[in-house]
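Here's query13.pdb, which has PDB, C-alpha atoms, pLDDT in the B column:
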MODEL        1
ATOM      1  CA  MET Z   1     112.441 128.102  92.335  1.00 57.00           C
ATOM      2  CA  ALA Z   2     110.907 125.271  90.267  1.00 56.00           C
ATOM      3  CA  LEU Z   3     112.475 122.754  92.617  1.00 56.00           C
ATOM      4  CA  ARG Z   4     110.909 124.455  95.623  1.00 61.00           C
ATOM      5  CA  ARG Z   5     107.481 124.331  93.950  1.00 59.00           C
ATOM      6  CA  LEU Z   6     107.988 120.643  93.158  1.00 55.00           C
ATOM      7  CA  ALA Z   7     108.908 119.878  96.772  1.00 56.00           C
ATOM      8  CA  ARG Z   8     105.880 121.831  98.041  1.00 59.00           C
ATOM      9  CA  GLY Z   9     103.711 119.898  95.603  1.00 55.00           C
ATOM     10  CA  LEU Z  10     104.992 116.591  96.979  1.00 52.00           C
ATOM     11  CA  VAL Z  11     104.299 117.718 100.538  1.00 53.00           C
ATOM     12  CA  ALA Z  12     100.802 118.835  99.515  1.00 52.00           C
ATOM     13  CA  LEU Z  13     100.132 115.458  97.897  1.00 49.00           C
ATOM     14  CA  ALA Z  14     101.294 113.469 100.930  1.00 49.00           C
ATOM     15  CA  PRO Z  15      97.810 113.323 102.528  1.00 50.00           C
ATOM     16  CA  ALA Z  16      96.519 111.761  99.313  1.00 49.00           C
ATOM     17  CA  ALA Z  17      98.852 108.819  99.944  1.00 46.00           C
ATOM     18  CA  LEU Z  18      97.321 108.115 103.363  1.00 46.00           C
ATOM     19  CA  PRO Z  19      94.457 105.987 101.966  1.00 52.00           C
ATOM     20  CA  ALA Z  20      97.152 103.686 100.571  1.00 56.00           C
ATOM     21  CA  CYS Z  21      97.917 102.769 104.197  1.00 77.00           C
ATOM     22  CA  TYR Z  22      94.500 101.151 104.668  1.00 77.00           C
ATOM     23  CA  ALA Z  23      92.597  98.235 103.159  1.00 84.00           C
ATOM     24  CA  TYR Z  24      89.062  96.946 103.552  1.00 79.00           C
ATOM     25  CA  THR Z  25      88.896  93.374 104.856  1.00 79.00           C
ATOM     26  CA  PRO Z  26      85.658  91.366 104.544  1.00 78.00           C
ATOM     27  CA  LEU Z  27      83.397  91.071 107.572  1.00 77.00           C
ATOM     28  CA  ASP Z  28      81.242  88.049 108.370  1.00 77.00           C
ATOM     29  CA  SER Z  29      78.944  89.855 110.799  1.00 74.00           C
ATOM     30  CA  ALA Z  30      77.397  93.289 111.108  1.00 73.00           C
ATOM     31  CA  PRO Z  31      79.981  95.890 112.121  1.00 80.00           C
ATOM     32  CA  ALA Z  32      79.813  97.687 115.447  1.00 86.00           C
ATOM     33  CA  PRO Z  33      79.308 101.459 115.716  1.00 93.00           C
ATOM     34  CA  GLY Z  34      82.524 103.424 115.264  1.00 94.00           C
ATOM     35  CA  ILE Z  35      84.025 101.013 112.716  1.00 93.00           C
ATOM     36  CA  GLY Z  36      85.160 102.364 109.345  1.00 95.00           C
ATOM     37  CA  VAL Z  37      83.544 100.390 106.525  1.00 96.00           C
ATOM     38  CA  GLN Z  38      83.144 100.072 102.797  1.00 96.00           C
ATOM     39  CA  VAL Z  39      79.686  98.848 101.820  1.00 96.00           C
ATOM     40  CA  ASP Z  40      79.478  97.372  98.320  1.00 96.00           C
ATOM     41  CA  LEU Z  41      75.877  97.609  97.138  1.00 97.00           C
ATOM     42  CA  ASN Z  42      73.916  95.060  95.143  1.00 97.00           C
ATOM     43  CA  ASP Z  43      71.509  96.031  92.329  1.00 96.00           C
ATOM     44  CA  VAL Z  44      68.605  96.611  94.721  1.00 97.00           C
ATOM     45  CA  GLY Z  45      70.791  98.804  96.948  1.00 97.00           C
ATOM     46  CA  ARG Z  46      72.028 100.889  94.013  1.00 97.00           C
ATOM     47  CA  ILE Z  47      68.448 101.556  92.918  1.00 96.00           C
ATOM     48  CA  GLU Z  48      67.060 102.216  96.405  1.00 97.00           C
ATOM     49  CA  LEU Z  49      69.934 104.482  97.518  1.00 97.00           C
ATOM     50  CA  ALA Z  50      70.241 106.452  94.261  1.00 95.00           C
ATOM     51  CA  ARG Z  51      67.924 109.140  95.680  1.00 94.00           C
ATOM     52  CA  ALA Z  52      70.047 109.475  98.810  1.00 95.00           C
ATOM     53  CA  VAL Z  53      73.602 109.220  97.425  1.00 95.00           C
ATOM     54  CA  GLY Z  54      73.272 109.750  93.681  1.00 92.00           C
ATOM     55  CA  PRO Z  55      73.073 107.602  90.561  1.00 90.00           C
ATOM     56  CA  ASP Z  56      75.589 104.915  89.584  1.00 91.00           C
ATOM     57  CA  VAL Z  57      76.692 104.323  93.176  1.00 96.00           C
ATOM     58  CA  GLY Z  58      78.733 101.173  93.659  1.00 96.00           C
ATOM     59  CA  SER Z  59      80.126 101.498  97.187  1.00 97.00           C
ATOM     60  CA  ILE Z  60      79.816 103.727 100.217  1.00 97.00           C
ATOM     61  CA  GLN Z  61      82.722 104.386 102.585  1.00 97.00           C
ATOM     62  CA  GLY Z  62      82.227 105.806 106.045  1.00 97.00           C
ATOM     63  CA  ILE Z  63      81.836 105.050 109.730  1.00 97.00           C
ATOM     64  CA  ILE Z  64      79.037 103.009 111.277  1.00 96.00           C
ATOM     65  CA  GLN Z  65      77.027 105.438 113.403  1.00 97.00           C
ATOM     66  CA  SER Z  66      74.374 103.019 114.655  1.00 96.00           C
ATOM     67  CA  ARG Z  67      72.747  99.719 113.787  1.00 93.00           C
ATOM     68  CA  SER Z  68      69.621  97.724 114.437  1.00 93.00           C
ATOM     69  CA  ASP Z  69      68.228  94.411 113.223  1.00 89.00           C
ATOM     70  CA  THR Z  70      66.684  96.079 110.157  1.00 94.00           C
ATOM     71  CA  ALA Z  71      69.281  98.670 109.115  1.00 95.00           C
ATOM     72  CA  PHE Z  72      72.494 100.467 109.941  1.00 94.00           C
ATOM     73  CA  VAL Z  73      73.434 104.111 109.608  1.00 97.00           C
ATOM     74  CA  VAL Z  74      76.718 105.111 107.975  1.00 97.00           C
ATOM     75  CA  GLN Z  75      78.294 108.550 108.311  1.00 98.00           C
ATOM     76  CA  VAL Z  76      79.408 108.797 104.701  1.00 98.00           C
ATOM     77  CA  ALA Z  77      82.973 109.893 103.901  1.00 97.00           C
ATOM     78  CA  GLN Z  78      82.807 109.160 100.182  1.00 96.00           C
ATOM     79  CA  VAL Z  79      80.701 107.460  97.561  1.00 97.00           C
ATOM     80  CA  LEU Z  80      82.440 105.352  94.917  1.00 96.00           C
ATOM     81  CA  GLY Z  81      80.663 105.223  91.581  1.00 95.00           C
ATOM     82  CA  GLU Z  82      80.224 102.036  89.590  1.00 92.00           C
ATOM     83  CA  TYR Z  83      82.396 103.499  86.846  1.00 91.00           C
ATOM     84  CA  GLY Z  84      85.195 104.957  88.951  1.00 90.00           C
ATOM     85  CA  GLY Z  85      83.852 108.336  90.068  1.00 94.00           C
ATOM     86  CA  VAL Z  86      84.459 109.427  93.667  1.00 95.00           C
ATOM     87  CA  THR Z  87      82.282 111.913  95.548  1.00 95.00           C
ATOM     88  CA  ARG Z  88      83.484 113.176  98.932  1.00 96.00           C
ATOM     89  CA  TRP Z  89      80.948 113.668 101.696  1.00 97.00           C
ATOM     90  CA  GLU Z  90      81.133 115.396 105.085  1.00 96.00           C
ATOM     91  CA  GLY Z  91      79.754 112.629 107.307  1.00 96.00           C
ATOM     92  CA  GLU Z  92      76.086 112.896 106.381  1.00 97.00           C
ATOM     93  CA  PRO Z  93      74.146 109.857 107.649  1.00 97.00           C
ATOM     94  CA  VAL Z  94      72.676 107.332 105.208  1.00 97.00           C
ATOM     95  CA  VAL Z  95      70.454 104.420 106.263  1.00 97.00           C
ATOM     96  CA  ILE Z  96      71.432 101.106 104.644  1.00 96.00           C
ATOM     97  CA  ARG Z  97      69.304  97.990 104.920  1.00 96.00           C
ATOM     98  CA  PRO Z  98      71.029  94.560 104.914  1.00 94.00           C
ATOM     99  CA  GLU Z  99      69.185  93.529 101.738  1.00 96.00           C
ATOM    100  CA  TYR Z 100      71.012  96.345  99.857  1.00 97.00           C
ATOM    101  CA  VAL Z 101      74.472  94.941 100.678  1.00 95.00           C
ATOM    102  CA  ARG Z 102      76.541  92.720  98.391  1.00 95.00           C
ATOM    103  CA  SER Z 103      79.535  92.774 100.762  1.00 94.00           C
ATOM    104  CA  ILE Z 104      80.933  94.848 103.598  1.00 94.00           C
ATOM    105  CA  GLY Z 105      84.515  95.329 104.676  1.00 93.00           C
ATOM    106  CA  ALA Z 106      86.151  96.912 107.728  1.00 92.00           C
ATOM    107  CA  ARG Z 107      88.842  99.537 107.269  1.00 78.00           C
ATOM    108  CA  ARG Z 108      92.135  98.198 108.632  1.00 77.00           C
ATOM    109  CA  PHE Z 109      95.708  99.452 108.687  1.00 70.00           C
ATOM    110  CA  SER Z 110      97.759  97.718 105.964  1.00 56.00           C
ATOM    111  CA  VAL Z 111     101.459  97.224 106.684  1.00 51.00           C
ATOM    112  CA  GLY Z 112     102.167  96.154 103.082  1.00 58.00           C
ATOM    113  CA  ARG Z 113     100.467  99.172 101.512  1.00 48.00           C
ATOM    114  CA  THR Z 114     102.193 101.499 103.967  1.00 52.00           C
ATOM    115  CA  ALA Z 115     105.594 100.027 103.058  1.00 53.00           C
ATOM    116  CA  ILE Z 116     104.898 100.528  99.355  1.00 62.00           C
ATOM    117  CA  ALA Z 117     103.742 104.137  99.917  1.00 53.00           C
ATOM    118  CA  ALA Z 118     106.843 104.882 102.027  1.00 57.00           C
ATOM    119  CA  ALA Z 119     109.149 103.343  99.401  1.00 63.00           C
ATOM    120  CA  ALA Z 120     107.513 105.393  96.649  1.00 63.00           C
ATOM    121  CA  ALA Z 121     107.857 108.593  98.695  1.00 62.00           C
ATOM    122  CA  GLY Z 122     111.511 107.807  99.434  1.00 61.00           C
ATOM    123  CA  ALA Z 123     112.219 107.136  95.758  1.00 65.00           C
ATOM    124  CA  GLY Z 124     110.584 110.451  94.846  1.00 63.00           C
ATOM    125  CA  LEU Z 125     112.666 112.373  97.371  1.00 59.00           C
ATOM    126  CA  LEU Z 126     115.812 110.599  96.196  1.00 59.00           C
ATOM    127  CA  ALA Z 127     115.029 111.553  92.597  1.00 63.00           C
ATOM    128  CA  ILE Z 128     114.492 115.193  93.586  1.00 66.00           C
ATOM    129  CA  SER Z 129     117.685 115.189  95.611  1.00 61.00           C
ATOM    130  CA  SER Z 130     119.667 113.788  92.673  1.00 64.00           C
ATOM    131  CA  TRP Z 131     118.088 116.238  90.258  1.00 65.00           C
ATOM    132  CA  SER Z 132     118.849 119.232  92.484  1.00 57.00           C
ATOM    133  CA  GLY Z 133     122.471 118.302  93.100  1.00 56.00           C
ATOM    134  CA  GLY Z 134     122.010 117.022  96.640  1.00 51.00           C
ATOM    135  CA  GLY Z 135     119.588 119.462  98.247  1.00 50.00           C
ATOM    136  CA  VAL Z 136     115.918 118.685  98.366  1.00 49.00           C
ATOM    137  CA  ILE Z 137     114.958 122.333  98.767  1.00 53.00           C
ATOM    138  CA  SER Z 138     117.362 125.042  97.831  1.00 52.00           C
ATOM    139  CA  GLY Z 139     116.952 128.755  98.326  1.00 54.00           C
ATOM    140  CA  PRO Z 140     117.964 131.624  96.092  1.00 60.00           C
ATOM    141  CA  PRO Z 141     121.663 132.272  95.628  1.00 60.00           C
ATOM    142  CA  SER Z 142     123.382 134.371  98.285  1.00 58.00           C
ATOM    143  CA  PRO Z 143     123.828 138.021  97.373  1.00 63.00           C
ATOM    144  CA  THR Z 144     127.406 139.005  96.642  1.00 61.00           C
ATOM    145  CA  LYS Z 145     129.045 142.355  97.138  1.00 58.00           C
ATOM    146  CA  THR Z 146     130.557 143.972  94.123  1.00 57.00           C
ATOM    147  CA  GLY Z 147     132.624 147.027  93.802  1.00 52.00           C
ATOM    148  CA  GLY Z 148     131.148 149.918  91.945  1.00 52.00           C
ATOM    149  CA  THR Z 149     129.955 153.454  92.261  1.00 55.00           C
ATOM    150  CA  GLY Z 150     130.128 153.576  95.996  1.00 52.00           C
ATOM    151  CA  SER Z 151     126.439 153.031  96.684  1.00 50.00           C
ATOM    152  CA  SER Z 152     125.581 150.214  99.049  1.00 50.00           C
ATOM    153  CA  LYS Z 153     122.385 148.366  99.846  1.00 50.00           C
TER     154      LYS Z 153
ENDMDL
END
What does the file become when written as structure tokens?
Amino acid sequence: MALRRLARGLVALAPAALPACYAYTPLDSAPAPGIGVQVDLNDVGRIELARAVGPDVGSIQGIIQSRSDTAFVVQVAQVLGEYGGVTRWEGEPVVIRPEYVRSIGARRFSVGRTAIAAAAAGAGLLAISSWSGGGVISGPPSPTKTGGTGSSK
């Protein structure tokens, strides 16, 4: 039973490993709408956007909704705090002006990170398999018939 719970836990945690399959690569120009981005804010940006996204914001991750010469709008997926905190969002739009940006990176699929995540998952399944005697998920033992008082189930 404990093994089954452990296996379910690993399956439940699998979506958490998906971000490991992506990396943010620096952009030289303003991103086009529809591109996933991470916007690292400078000091001015952290101060100006604190009212919109909260204090101690360091970076904003999301998708570019629109852009103009003076600003771009990001549908925010999560806000990364300066000190490691992460706040998930549901795509609310936030206007970011270019003078608030220290750097910006586009979200790209990372073959190397995906290979590492797959190797770690395989090692975990191998460890569970070894620990359980060969079966990743095992059920309860089969009922056996015993002789007795003549009652049957």
Note to self: Restricting the calculation to all atoms listed in the file: of Z:Ala106, Z:Ala50, Z:Val86, Z:Val79, which residue gets closest to Z:Tyr22?
What the structure shows: Z:Ala106
Residue by residue, what does the PyMOL selection byres ((chain Z and resi 33-44) around 12) grab here? Present the result as a PDB file with C-alpha atoms, keeping the file's coordinate frame.
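As written to disk, out13.pdb reads:
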ATOM      1  CA  TYR Z  22      94.500 101.151 104.668  1.00 77.00           C
ATOM      2  CA  ALA Z  23      92.597  98.235 103.159  1.00 84.00           C
ATOM      3  CA  TYR Z  24      89.062  96.946 103.552  1.00 79.00           C
ATOM      4  CA  THR Z  25      88.896  93.374 104.856  1.00 79.00           C
ATOM      5  CA  PRO Z  26      85.658  91.366 104.544  1.00 78.00           C
ATOM      6  CA  LEU Z  27      83.397  91.071 107.572  1.00 77.00           C
ATOM      7  CA  ALA Z  30      77.397  93.289 111.108  1.00 73.00           C
ATOM      8  CA  PRO Z  31      79.981  95.890 112.121  1.00 80.00           C
ATOM      9  CA  ALA Z  32      79.813  97.687 115.447  1.00 86.00           C
ATOM     10  CA  GLY Z  45      70.791  98.804  96.948  1.00 97.00           C
ATOM     11  CA  ARG Z  46      72.028 100.889  94.013  1.00 97.00           C
ATOM     12  CA  ILE Z  47      68.448 101.556  92.918  1.00 96.00           C
ATOM     13  CA  GLU Z  48      67.060 102.216  96.405  1.00 97.00           C
ATOM     14  CA  LEU Z  49      69.934 104.482  97.518  1.00 97.00           C
ATOM     15  CA  ALA Z  50      70.241 106.452  94.261  1.00 95.00           C
ATOM     16  CA  VAL Z  53      73.602 109.220  97.425  1.00 95.00           C
ATOM     17  CA  PRO Z  55      73.073 107.602  90.561  1.00 90.00           C
ATOM     18  CA  ASP Z  56      75.589 104.915  89.584  1.00 91.00           C
ATOM     19  CA  VAL Z  57      76.692 104.323  93.176  1.00 96.00           C
ATOM     20  CA  GLY Z  58      78.733 101.173  93.659  1.00 96.00           C
ATOM     21  CA  SER Z  59      80.126 101.498  97.187  1.00 97.00           C
ATOM     22  CA  ILE Z  60      79.816 103.727 100.217  1.00 97.00           C
ATOM     23  CA  GLN Z  61      82.722 104.386 102.585  1.00 97.00           C
ATOM     24  CA  GLY Z  62      82.227 105.806 106.045  1.00 97.00           C
ATOM     25  CA  ILE Z  63      81.836 105.050 109.730  1.00 97.00           C
ATOM     26  CA  ILE Z  64      79.037 103.009 111.277  1.00 96.00           C
ATOM     27  CA  GLN Z  65      77.027 105.438 113.403  1.00 97.00           C
ATOM     28  CA  SER Z  66      74.374 103.019 114.655  1.00 96.00           C
ATOM     29  CA  ARG Z  67      72.747  99.719 113.787  1.00 93.00           C
ATOM     30  CA  SER Z  68      69.621  97.724 114.437  1.00 93.00           C
ATOM     31  CA  PHE Z  72      72.494 100.467 109.941  1.00 94.00           C
ATOM     32  CA  VAL Z  73      73.434 104.111 109.608  1.00 97.00           C
ATOM     33  CA  VAL Z  74      76.718 105.111 107.975  1.00 97.00           C
ATOM     34  CA  GLN Z  75      78.294 108.550 108.311  1.00 98.00           C
ATOM     35  CA  VAL Z  76      79.408 108.797 104.701  1.00 98.00           C
ATOM     36  CA  ALA Z  77      82.973 109.893 103.901  1.00 97.00           C
ATOM     37  CA  GLN Z  78      82.807 109.160 100.182  1.00 96.00           C
ATOM     38  CA  VAL Z  79      80.701 107.460  97.561  1.00 97.00           C
ATOM     39  CA  LEU Z  80      82.440 105.352  94.917  1.00 96.00           C
ATOM     40  CA  GLY Z  81      80.663 105.223  91.581  1.00 95.00           C
ATOM     41  CA  GLU Z  82      80.224 102.036  89.590  1.00 92.00           C
ATOM     42  CA  GLY Z  91      79.754 112.629 107.307  1.00 96.00           C
ATOM     43  CA  VAL Z  94      72.676 107.332 105.208  1.00 97.00           C
ATOM     44  CA  VAL Z  95      70.454 104.420 106.263  1.00 97.00           C
ATOM     45  CA  ILE Z  96      71.432 101.106 104.644  1.00 96.00           C
ATOM     46  CA  ARG Z  97      69.304  97.990 104.920  1.00 96.00           C
ATOM     47  CA  PRO Z  98      71.029  94.560 104.914  1.00 94.00           C
ATOM     48  CA  GLU Z  99      69.185  93.529 101.738  1.00 96.00           C
ATOM     49  CA  TYR Z 100      71.012  96.345  99.857  1.00 97.00           C
ATOM     50  CA  VAL Z 101      74.472  94.941 100.678  1.00 95.00           C
ATOM     51  CA  ARG Z 102      76.541  92.720  98.391  1.00 95.00           C
ATOM     52  CA  SER Z 103      79.535  92.774 100.762  1.00 94.00           C
ATOM     53  CA  ILE Z 104      80.933  94.848 103.598  1.00 94.00           C
ATOM     54  CA  GLY Z 105      84.515  95.329 104.676  1.00 93.00           C
ATOM     55  CA  ALA Z 106      86.151  96.912 107.728  1.00 92.00           C
ATOM     56  CA  ARG Z 107      88.842  99.537 107.269  1.00 78.00           C
ATOM     57  CA  ARG Z 108      92.135  98.198 108.632  1.00 77.00           C
ATOM     58  CA  PHE Z 109      95.708  99.452 108.687  1.00 70.00           C
TER      59      PHE Z 109
END
Per-axis box centre and lengths in Å around stretch 29-36 of chain Z, 5 Å margin per side, axis-aligned, as lines of an AutoDock Vina configuration file:
center_x = 81.3
center_y = 96.6
center_z = 112.5
size_x = 17.8
size_y = 23.6
size_z = 16.4
